[in-house]
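Trainee: What follows is a structure written as structure tokens; I'll ask about it next.
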Amino acid sequence: MKIIHVYIRLLSLILIAGLYSCSITRDVEDNQYLLANTKVHITNPNKQIEPDDLSNYIQQKPNKKLFGFIQYKLMLHTIKDKWGEPPEILDKALVKKSENQLQKYLNNRGYYNSDVKGEIVQIKPKKAKVVYNITLSDPYKINKIEYDIADDSIKSIIVESIDKSLIRPNEVFNIYTLDDERSRITEELNENGYYSFTKDYVSFEVDTTLGNRTADLKVLIKNILLRPDKPGDKPIEVKHKIYYVNNVNIYPDFNSISSDTLIYDTLEIEKKRKKYSKSLYYNFLFHPPLKIKPGFVVNSVFLENYKKYDLLDAKQTFRKLNELQIYKYVNINFNEVKPDSTILNPGRNYLDCNIRLTRSPLHSYSIEGQGTNSGGDLGMGGYLSYKNKNLFRGGEVFTVRLKLALEARQLGISPEEQTNYLYLFNTIEYGIAAILTIPKFLAPIRQDRFSPYFRPTTTINAGYTFQDQQEYLRIISNISYGYQWPGTQFSKHILFPVDINIIKVNTTPEFDSILSNESERVRNQYTNHLIFGMRYSYIINTQELGILKNFYYFRGNVELAGNLLNGIMSLANVPENEEGYRTLFGLRYSQYFKFDLDFRYYITLSKNHTLAFRSFFGIAIPYGNSDDIPYEIGFYGGGSNGLRAWPLRYLGPGSYTAQGPNLERIGDIMIEENFEYRFAIYKQLRGALFCDVGNIWLLEEDPTFPGGKFEFGSFIGQLATDVGVGVRLDFSYFVFRFDFAQRVTDPALPAGHRFVIGSYNWFNPYMNLGIGYPF
């Protein structure tokens, strides 16, 4: 590995030297300048106007840069014309156009007549930068707001929703905010029956003659103007129509190619609601035979007969139907109904709703291959999956996955004692998992007790896995039952009231001899045990696909195990065994509390540049029938997704320094902070600079891991730190990652000597191969 590092360093130095030896201004003529940089400088800064916002309106940008200063694409172009990109020659016409665009943007933000001047500054022969110096004017502010609404029904809706308005007195006049207010008013009316109302009927009048840079604002909502019957007459003014839903027609197996030739059977489906509420009726138009339960589809429809049209109901219907894996495409449209004698209330305006659902293939098979790397341990694996998307004709998704994974791990036994698979790998994992996802809340509770917008799913998991680690064979049987439901637009809840794991461990005689000299905590990691618990997760993710903005991700997990079993055992007066604990079917059951928080924040600097931060804290406390946390539940440090300069499970705990066998290290407490600066290099090639800080600790001192106990007075000095650089191949659906990490502080070293940089033979970067981004 060290030889590889040496070659990488030499090749990097040769490449950089070769690129810099080429003159990047070779193709720039004497009367031209290479555009080196552009900058926006605001002489009187204002929190409302950010230079980064203004930079988007600059019409000419310099050649792309790596790390903010290496113009790598221009360097490549100097080597060969077809490579990289040609030099960006300064264009004075584009400077002038940029001034106009900046001025227009500031006017729209309320800063009328601000001074914008592009200054060309020569920094080297044939190289120049452009500085856009901006002096902001005092912004116009809204003095008062009036409403001119021709329709009294619409006026009452707008008045009732005035607290939602985006425009308010004394705020800066902003044309972009006015446009957002037009959209808000339109959506508010669309949610109150006004199906055909559009934002074109909303306009504003602005009076700036008051002086003192203030403006009176009038919001106008117009009626519909129809063409007159006779030329020259005034347009006919009519009010906007309020629409009600008439028929809801559902096509559960729509095919656009053969839809005109198919003969449909029609079922009228009744959807019962809460007591004393009218039932709803839906037309189910299908081509025999019927392949799905009508009630399943109807429960995902929020549009109701004879109810006032509501855009929110249409959106919720579209979202819920799209969540059903059985459907590939969902199309919802409305047609105005001509008045006739069959309509319940002829004085109203009605819409027929047509919901056309295009099916996905019922059965699907997939083979997935993956490269893995758990903290430097190279591996490969694969899955063979089968999926049925409509198992019981109610949209239930049944998945079976077969897994096989091989890995070359660092083990605590000698190479002579190891068995290798395919000459390279020394550990193997294989197993089967079955997952049934039911698109409703499967519980002994009537479904009509829940809000119609409550969209839960029920998940039942069962699995059986073998993990042959050479030193031991771990067999894990799992069954769990739980629910998932949305909270707000960006949040969701996951609750598994039943989560059962049976773990059996068969150790080799050689490994037994090693464990015999270790503490009880270490020996317990490799014994048979039972976990009967429950877990809950709350997740928030504010990312919106296709929108460049800052966002964050939060996940909080709480897990409890053994309490129910222990309560039953106590009530049944089941005695403890000779070792002081209770068992079920001969297995000691674990009892613990686990809690962890994972917070990530992403700052989007631009389309190709992102700052990513992650903070993690977790604690697991054994009690009752357990003296220690089970191996599967504990925290571990290192690896390609954690402290990347350490192998997985070989960091910590605390200041522990390995002296005996290289045993896996599991902690009760974990603190970790990660930072990455991510940037684009070329097409799918991405780069990153990162820093990781953290460690794991024990709640109690352990003779196998001296120095591992968490102490408030010393834990900061036991934080491990690394820095590094990463290269990623990002294909959107698949990310292949190389990270090179160098230790900065190592808690395993003596206190006062833990800073690694500058010490003897300190430069020893650790390579991690990863799949996906680390966070």
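Identifiers for the structure tokens are assigned positionally: chains receive A, B, ... in sequence, residues are indexed from 1 per chain, and ligands are indexed from 1 in the order shown.
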List the neighbours of segment 397-405 of chain A out to 7 Å using only C-alpha atoms; skip same-chain residues closer than 3 positions along the sequence, and give me the result as a PDB file with N, CA, C and O atoms, in the first residue's frame.

Mentor:
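Saved as result_8.pdb:
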```pdb
ATOM      1  N   MET A 380     -16.854  -7.357  -2.235  1.00  0.00           N
ATOM      2  CA  MET A 380     -17.781  -7.345  -3.350  1.00  0.00           C
ATOM      3  C   MET A 380     -19.022  -8.119  -2.922  1.00  0.00           C
ATOM      4  O   MET A 380     -18.966  -9.001  -2.058  1.00  0.00           O
ATOM      5  N   GLY A 381     -20.144  -7.740  -3.483  1.00  0.00           N
ATOM      6  CA  GLY A 381     -21.378  -8.404  -3.100  1.00  0.00           C
ATOM      7  C   GLY A 381     -22.421  -8.267  -4.187  1.00  0.00           C
ATOM      8  O   GLY A 381     -22.233  -7.582  -5.188  1.00  0.00           O
ATOM      9  N   GLY A 382     -23.512  -8.943  -3.973  1.00  0.00           N
ATOM     10  CA  GLY A 382     -24.581  -8.882  -4.951  1.00  0.00           C
ATOM     11  C   GLY A 382     -25.906  -9.322  -4.354  1.00  0.00           C
ATOM     12  O   GLY A 382     -25.955 -10.026  -3.339  1.00  0.00           O
ATOM     13  N   TYR A 383     -26.985  -8.877  -4.991  1.00  0.00           N
ATOM     14  CA  TYR A 383     -28.330  -9.233  -4.576  1.00  0.00           C
ATOM     15  C   TYR A 383     -29.092  -9.769  -5.784  1.00  0.00           C
ATOM     16  O   TYR A 383     -28.975  -9.241  -6.900  1.00  0.00           O
ATOM     17  N   LEU A 384     -29.881 -10.779  -5.536  1.00  0.00           N
ATOM     18  CA  LEU A 384     -30.857 -11.268  -6.510  1.00  0.00           C
ATOM     19  C   LEU A 384     -32.216 -11.017  -5.898  1.00  0.00           C
ATOM     20  O   LEU A 384     -32.535 -11.563  -4.825  1.00  0.00           O
ATOM     21  N   SER A 385     -33.027 -10.185  -6.549  1.00  0.00           N
ATOM     22  CA  SER A 385     -34.295  -9.765  -5.959  1.00  0.00           C
ATOM     23  C   SER A 385     -35.460 -10.128  -6.853  1.00  0.00           C
ATOM     24  O   SER A 385     -35.369 -10.065  -8.084  1.00  0.00           O
ATOM     25  N   TYR A 386     -36.543 -10.478  -6.193  1.00  0.00           N
ATOM     26  CA  TYR A 386     -37.828 -10.685  -6.880  1.00  0.00           C
ATOM     27  C   TYR A 386     -38.854  -9.803  -6.195  1.00  0.00           C
ATOM     28  O   TYR A 386     -38.892  -9.690  -4.973  1.00  0.00           O
ATOM     29  N   LYS A 387     -39.722  -9.150  -7.014  1.00  0.00           N
ATOM     30  CA  LYS A 387     -40.730  -8.263  -6.447  1.00  0.00           C
ATOM     31  C   LYS A 387     -42.077  -8.515  -7.109  1.00  0.00           C
ATOM     32  O   LYS A 387     -42.189  -8.573  -8.332  1.00  0.00           O
ATOM     33  N   ASN A 388     -43.101  -8.666  -6.284  1.00  0.00           N
ATOM     34  CA  ASN A 388     -44.494  -8.745  -6.731  1.00  0.00           C
ATOM     35  C   ASN A 388     -45.191  -7.504  -6.195  1.00  0.00           C
ATOM     36  O   ASN A 388     -45.254  -7.291  -4.979  1.00  0.00           O
ATOM     37  N   LYS A 389     -45.735  -6.668  -7.096  1.00  0.00           N
ATOM     38  CA  LYS A 389     -46.263  -5.373  -6.706  1.00  0.00           C
ATOM     39  C   LYS A 389     -47.753  -5.387  -6.375  1.00  0.00           C
ATOM     40  O   LYS A 389     -48.333  -4.324  -6.105  1.00  0.00           O
ATOM     41  N   ASN A 390     -48.373  -6.562  -6.398  1.00  0.00           N
ATOM     42  CA  ASN A 390     -49.812  -6.620  -6.109  1.00  0.00           C
ATOM     43  C   ASN A 390     -50.159  -8.015  -5.593  1.00  0.00           C
ATOM     44  O   ASN A 390     -50.989  -8.724  -6.160  1.00  0.00           O
ATOM     45  N   LEU A 391     -49.539  -8.395  -4.489  1.00  0.00           N
ATOM     46  CA  LEU A 391     -49.594  -9.791  -4.037  1.00  0.00           C
ATOM     47  C   LEU A 391     -51.010 -10.255  -3.741  1.00  0.00           C
ATOM     48  O   LEU A 391     -51.423 -11.336  -4.190  1.00  0.00           O
ATOM     49  N   ILE A 428     -17.275 -14.141   4.487  1.00  0.00           N
ATOM     50  CA  ILE A 428     -18.402 -14.306   3.587  1.00  0.00           C
ATOM     51  C   ILE A 428     -19.690 -14.082   4.368  1.00  0.00           C
ATOM     52  O   ILE A 428     -19.807 -14.446   5.539  1.00  0.00           O
ATOM     53  N   GLU A 429     -20.646 -13.450   3.719  1.00  0.00           N
ATOM     54  CA  GLU A 429     -21.964 -13.235   4.305  1.00  0.00           C
ATOM     55  C   GLU A 429     -23.015 -13.602   3.271  1.00  0.00           C
ATOM     56  O   GLU A 429     -22.932 -13.174   2.116  1.00  0.00           O
ATOM     57  N   TYR A 430     -23.984 -14.372   3.661  1.00  0.00           N
ATOM     58  CA  TYR A 430     -25.066 -14.736   2.747  1.00  0.00           C
ATOM     59  C   TYR A 430     -26.360 -14.892   3.535  1.00  0.00           C
ATOM     60  O   TYR A 430     -26.350 -15.172   4.746  1.00  0.00           O
ATOM     61  N   GLY A 431     -27.466 -14.660   2.857  1.00  0.00           N
ATOM     62  CA  GLY A 431     -28.729 -14.746   3.566  1.00  0.00           C
ATOM     63  C   GLY A 431     -29.903 -14.463   2.659  1.00  0.00           C
ATOM     64  O   GLY A 431     -29.760 -14.212   1.451  1.00  0.00           O
ATOM     65  N   ILE A 432     -31.083 -14.487   3.244  1.00  0.00           N
ATOM     66  CA  ILE A 432     -32.332 -14.249   2.527  1.00  0.00           C
ATOM     67  C   ILE A 432     -33.193 -13.328   3.373  1.00  0.00           C
ATOM     68  O   ILE A 432     -33.194 -13.408   4.607  1.00  0.00           O
ATOM     69  N   ALA A 433     -33.908 -12.438   2.717  1.00  0.00           N
ATOM     70  CA  ALA A 433     -34.808 -11.517   3.406  1.00  0.00           C
ATOM     71  C   ALA A 433     -36.108 -11.432   2.627  1.00  0.00           C
ATOM     72  O   ALA A 433     -36.108 -11.415   1.387  1.00  0.00           O
ATOM     73  N   ALA A 434     -37.211 -11.396   3.339  1.00  0.00           N
ATOM     74  CA  ALA A 434     -38.531 -11.233   2.734  1.00  0.00           C
ATOM     75  C   ALA A 434     -39.187 -10.000   3.356  1.00  0.00           C
ATOM     76  O   ALA A 434     -39.182  -9.830   4.574  1.00  0.00           O
ATOM     77  N   ILE A 435     -39.742  -9.139   2.498  1.00  0.00           N
ATOM     78  CA  ILE A 435     -40.344  -7.882   2.950  1.00  0.00           C
ATOM     79  C   ILE A 435     -41.733  -7.756   2.333  1.00  0.00           C
ATOM     80  O   ILE A 435     -41.893  -7.861   1.111  1.00  0.00           O
ATOM     81  N   LEU A 436     -42.724  -7.523   3.165  1.00  0.00           N
ATOM     82  CA  LEU A 436     -44.093  -7.294   2.697  1.00  0.00           C
ATOM     83  C   LEU A 436     -44.496  -5.891   3.117  1.00  0.00           C
ATOM     84  O   LEU A 436     -44.531  -5.576   4.311  1.00  0.00           O
ATOM     85  N   THR A 437     -44.809  -5.041   2.128  1.00  0.00           N
ATOM     86  CA  THR A 437     -45.229  -3.672   2.390  1.00  0.00           C
ATOM     87  C   THR A 437     -46.698  -3.536   2.020  1.00  0.00           C
ATOM     88  O   THR A 437     -47.082  -3.779   0.870  1.00  0.00           O
ATOM     89  N   ILE A 438     -47.511  -3.136   2.986  1.00  0.00           N
ATOM     90  CA  ILE A 438     -48.959  -3.017   2.803  1.00  0.00           C
ATOM     91  C   ILE A 438     -49.326  -1.536   2.864  1.00  0.00           C
ATOM     92  O   ILE A 438     -49.001  -0.856   3.844  1.00  0.00           O
TER      93      ILE A 438
END
```

Trainee: When DSSP is applied to the backbone of this structure, which of segment 215-396 of chain A are assigned alpha helix (DSSP H)? Write them out as a PyMOL selection string.

Mentor: chain A and resi 294-298+311-323

Trainee: Can you spit out the residues from that selection as a tab-separated table (two decimals), in the first residue's frame, using N, CA and C atoms?

Mentor:
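Output (out_25.tsv):
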```tsv
chain	number	residue	atom	x	y	z
A	294	PRO	N	-61.04	-2.73	-5.87
A	294	PRO	CA	-61.43	-1.32	-6.05
A	294	PRO	C	-61.28	-0.48	-4.79
A	295	GLY	N	-61.58	-1.07	-3.64
A	295	GLY	CA	-61.49	-0.31	-2.40
A	295	GLY	C	-60.09	0.18	-2.12
A	296	PHE	N	-59.09	-0.60	-2.55
A	296	PHE	CA	-57.70	-0.20	-2.36
A	296	PHE	C	-57.39	1.10	-3.11
A	297	VAL	N	-57.85	1.19	-4.35
A	297	VAL	CA	-57.60	2.40	-5.14
A	297	VAL	C	-58.42	3.57	-4.60
A	298	VAL	N	-59.68	3.31	-4.29
A	298	VAL	CA	-60.58	4.36	-3.82
A	298	VAL	C	-60.07	5.00	-2.53
A	311	LEU	N	-58.10	22.07	-4.97
A	311	LEU	CA	-56.82	21.70	-5.58
A	311	LEU	C	-56.01	20.81	-4.65
A	312	LEU	N	-56.10	21.03	-3.33
A	312	LEU	CA	-55.36	20.21	-2.37
A	312	LEU	C	-55.79	18.75	-2.45
A	313	ASP	N	-57.08	18.50	-2.62
A	313	ASP	CA	-57.56	17.12	-2.76
A	313	ASP	C	-56.97	16.46	-4.01
A	314	ALA	N	-56.89	17.22	-5.09
A	314	ALA	CA	-56.31	16.67	-6.33
A	314	ALA	C	-54.83	16.37	-6.15
A	315	LYS	N	-54.10	17.26	-5.46
A	315	LYS	CA	-52.67	17.04	-5.23
A	315	LYS	C	-52.44	15.83	-4.34
A	316	GLN	N	-53.24	15.71	-3.27
A	316	GLN	CA	-53.08	14.59	-2.36
A	316	GLN	C	-53.41	13.27	-3.07
A	317	THR	N	-54.42	13.28	-3.93
A	317	THR	CA	-54.76	12.08	-4.69
A	317	THR	C	-53.60	11.68	-5.60
A	318	PHE	N	-53.05	12.65	-6.29
A	318	PHE	CA	-51.93	12.38	-7.20
A	318	PHE	C	-50.74	11.83	-6.43
A	319	ARG	N	-50.43	12.44	-5.28
A	319	ARG	CA	-49.28	12.01	-4.48
A	319	ARG	C	-49.48	10.59	-3.95
A	320	LYS	N	-50.68	10.31	-3.43
A	320	LYS	CA	-50.92	9.00	-2.84
A	320	LYS	C	-50.90	7.90	-3.90
A	321	LEU	N	-51.50	8.15	-5.05
A	321	LEU	CA	-51.51	7.14	-6.11
A	321	LEU	C	-50.10	6.91	-6.66
A	322	ASN	N	-49.30	7.96	-6.69
A	322	ASN	CA	-47.92	7.81	-7.16
A	322	ASN	C	-47.08	6.99	-6.20
A	323	GLU	N	-47.46	6.96	-4.93
A	323	GLU	CA	-46.72	6.18	-3.95
A	323	GLU	C	-46.96	4.68	-4.12
```

Trainee: Which one is closest to Tyr536 of chain A: A:Ile58, A:Ile242, A:Ile332, A:Leu560? Count only C-alpha atoms.

Mentor: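 Ranking A:Ile58, A:Ile242, A:Ile332, A:Leu560 by distance to Tyr536 of chain A, first place goes to A:Leu560.
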
Trainee: In Å to one decimal, how far is atom CA of Phe441 of chain A from atom CA of Gln591 of chain A?

Mentor: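 Atom CA of Gln591 of chain A sits 28.5 Å away from atom CA of Phe441 of chain A.
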
Trainee: Just the residues within 9 Å of segment 95-101 of chain A, please, counting only C-alpha atoms, with nothing from its chain fewer than 4 positions along; format it as number ranges by chain.

Mentor: A: 57-60, 90-91, 105-106, 116-120, 130, 132

Trainee: Need to verify the contact set: Phe679 of chain A, 8 Å, only C-alpha atoms, exclusion of same-chain residues closer than 2 positions in sequence. Can you return it as a ChimeraX atom specification?

Mentor: /A:608-610,677,681,686-688

Trainee: Please provide as JSON, numbers by chain all residues within 8 Å of Asn349 of chain A, with the sequence filter that same-chain residues fewer than 6 positions apart are discarded (counting only C-alpha atoms).

Mentor: {"A": [241, 242, 243, 244, 336, 337, 339]}

Trainee: The selected residues should be written to file as a PDB file, in the first residue's frame (atoms: N, CA, C and O atoms).

Mentor:
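And here is the file that came out, part_36.pdb:
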```pdb
ATOM      1  N   LYS A 241     -66.535  31.149 -11.926  1.00  0.00           N
ATOM      2  CA  LYS A 241     -67.426  30.072 -11.498  1.00  0.00           C
ATOM      3  C   LYS A 241     -66.829  29.273 -10.344  1.00  0.00           C
ATOM      4  O   LYS A 241     -65.614  29.035 -10.287  1.00  0.00           O
ATOM      5  N   ILE A 242     -67.709  28.869  -9.443  1.00  0.00           N
ATOM      6  CA  ILE A 242     -67.346  27.910  -8.399  1.00  0.00           C
ATOM      7  C   ILE A 242     -67.785  26.531  -8.876  1.00  0.00           C
ATOM      8  O   ILE A 242     -68.951  26.346  -9.261  1.00  0.00           O
ATOM      9  N   TYR A 243     -66.873  25.585  -8.848  1.00  0.00           N
ATOM     10  CA  TYR A 243     -67.160  24.247  -9.372  1.00  0.00           C
ATOM     11  C   TYR A 243     -67.257  23.226  -8.231  1.00  0.00           C
ATOM     12  O   TYR A 243     -66.590  23.343  -7.200  1.00  0.00           O
ATOM     13  N   TYR A 244     -68.090  22.220  -8.492  1.00  0.00           N
ATOM     14  CA  TYR A 244     -68.239  21.080  -7.601  1.00  0.00           C
ATOM     15  C   TYR A 244     -67.897  19.810  -8.368  1.00  0.00           C
ATOM     16  O   TYR A 244     -68.035  19.759  -9.596  1.00  0.00           O
ATOM     17  N   GLU A 336     -65.586  19.963 -17.669  1.00  0.00           N
ATOM     18  CA  GLU A 336     -66.796  20.670 -17.237  1.00  0.00           C
ATOM     19  C   GLU A 336     -68.029  19.925 -17.742  1.00  0.00           C
ATOM     20  O   GLU A 336     -68.087  19.488 -18.894  1.00  0.00           O
ATOM     21  N   VAL A 337     -69.020  19.777 -16.873  1.00  0.00           N
ATOM     22  CA  VAL A 337     -70.237  19.030 -17.198  1.00  0.00           C
ATOM     23  C   VAL A 337     -71.306  19.996 -17.686  1.00  0.00           C
ATOM     24  O   VAL A 337     -71.564  21.033 -17.051  1.00  0.00           O
ATOM     25  N   PRO A 339     -74.985  21.287 -18.062  1.00  0.00           N
ATOM     26  CA  PRO A 339     -76.174  21.113 -17.218  1.00  0.00           C
ATOM     27  C   PRO A 339     -77.215  20.231 -17.894  1.00  0.00           C
ATOM     28  O   PRO A 339     -77.500  20.363 -19.084  1.00  0.00           O
TER      29      PRO A 339
END
```

Trainee: Report the distance between atom CA of Tyr552 of chain A and atom CA of Phe775 of chain A in Å, rounded to one decimal place.

Mentor: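 So the answer is 11.4 Å.
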
Trainee: For the atom pair atom CA of Gly752 of chain A and atom CA of Ser655 of chain A, what is the interatomic distance in Å to one decimal place?

Mentor: 12.1 Å

Trainee: Please provide as a PDB file with N, CA and C atoms, in the first residue's frame all residues within 8 Å of Ile292 of chain A, with the sequence filter that same-chain residues fewer than 5 positions apart are discarded (counting only C-alpha atoms).

Mentor:
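Result saved to around-v7.pdb:
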```
ATOM      1  N   PRO A 252     -58.437   1.821 -13.649  1.00  0.00           N
ATOM      2  CA  PRO A 252     -57.320   1.210 -12.916  1.00  0.00           C
ATOM      3  C   PRO A 252     -56.279   0.522 -13.785  1.00  0.00           C
ATOM      4  N   ASN A 390     -48.373  -6.562  -6.398  1.00  0.00           N
ATOM      5  CA  ASN A 390     -49.812  -6.620  -6.109  1.00  0.00           C
ATOM      6  C   ASN A 390     -50.159  -8.015  -5.593  1.00  0.00           C
ATOM      7  N   ARG A 393     -53.815  -8.369  -4.460  1.00  0.00           N
ATOM      8  CA  ARG A 393     -54.690  -7.484  -5.256  1.00  0.00           C
ATOM      9  C   ARG A 393     -55.073  -6.218  -4.488  1.00  0.00           C
ATOM     10  N   GLY A 394     -54.247  -5.846  -3.519  1.00  0.00           N
ATOM     11  CA  GLY A 394     -54.493  -4.621  -2.783  1.00  0.00           C
ATOM     12  C   GLY A 394     -53.285  -3.708  -2.760  1.00  0.00           C
ATOM     13  N   GLY A 395     -52.406  -3.854  -3.762  1.00  0.00           N
ATOM     14  CA  GLY A 395     -51.212  -3.019  -3.837  1.00  0.00           C
ATOM     15  C   GLY A 395     -50.117  -3.418  -2.878  1.00  0.00           C
TER      16      GLY A 395
END
```

Trainee: Please run DSSP on the backbone and report, as a count of residues only, all residues within segment 556-585 of chain A that come out as strand (DSSP E or B).

Mentor: 8

Trainee: Nearest to Tyr589 of chain A among A:Asn764, A:Ser203, A:Ser626, A:Gln484, with distances taken over only C-alpha atoms: which residue is it?

Mentor: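 Selected residue with least distance to Tyr589 of chain A: A:Ser626.
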
Trainee: Can you pull out every residue within 10 Å of Pro169 of chain A, counting only C-alpha atoms, but drop anything in the same chain fewer than 6 positions away, and send it as number ranges by chain?

Mentor: A: 141-145, 215-217

Trainee: Which is closest to Gln71 of chain A among A:Phe595, A:Tyr682, A:Tyr766, A:Tyr773, if we use only C-alpha atoms?

Mentor: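 Among the listed residues, the smallest separation from Gln71 of chain A belongs to A:Tyr682.
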
Trainee: Given only C-alpha atoms as the basis, pick out the residue of A:Pro361, A:Gly110, A:Pro647, A:Pro622 nearest to Leu699 of chain A.

Mentor: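 That would be A:Pro622, the residue with the smallest distance to Leu699 of chain A.
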
Trainee: Measuring atom to atom with only C-alpha atoms, identify which of A:Ile503, A:Pro575, A:Asp468, A:Leu597 is nearest to Tyr538 of chain A.

Mentor: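 Checking each of A:Ile503, A:Pro575, A:Asp468, A:Leu597 against Tyr538 of chain A, counting only C-alpha atoms, the winner is A:Leu597.
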
Trainee: Pick out the closest residue to Thr604 of chain A from this set: A:His77, A:Lys47, A:Arg678, A:Lys278. Count only C-alpha atoms.

Mentor: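 The closest residue to Thr604 of chain A is A:Arg678.
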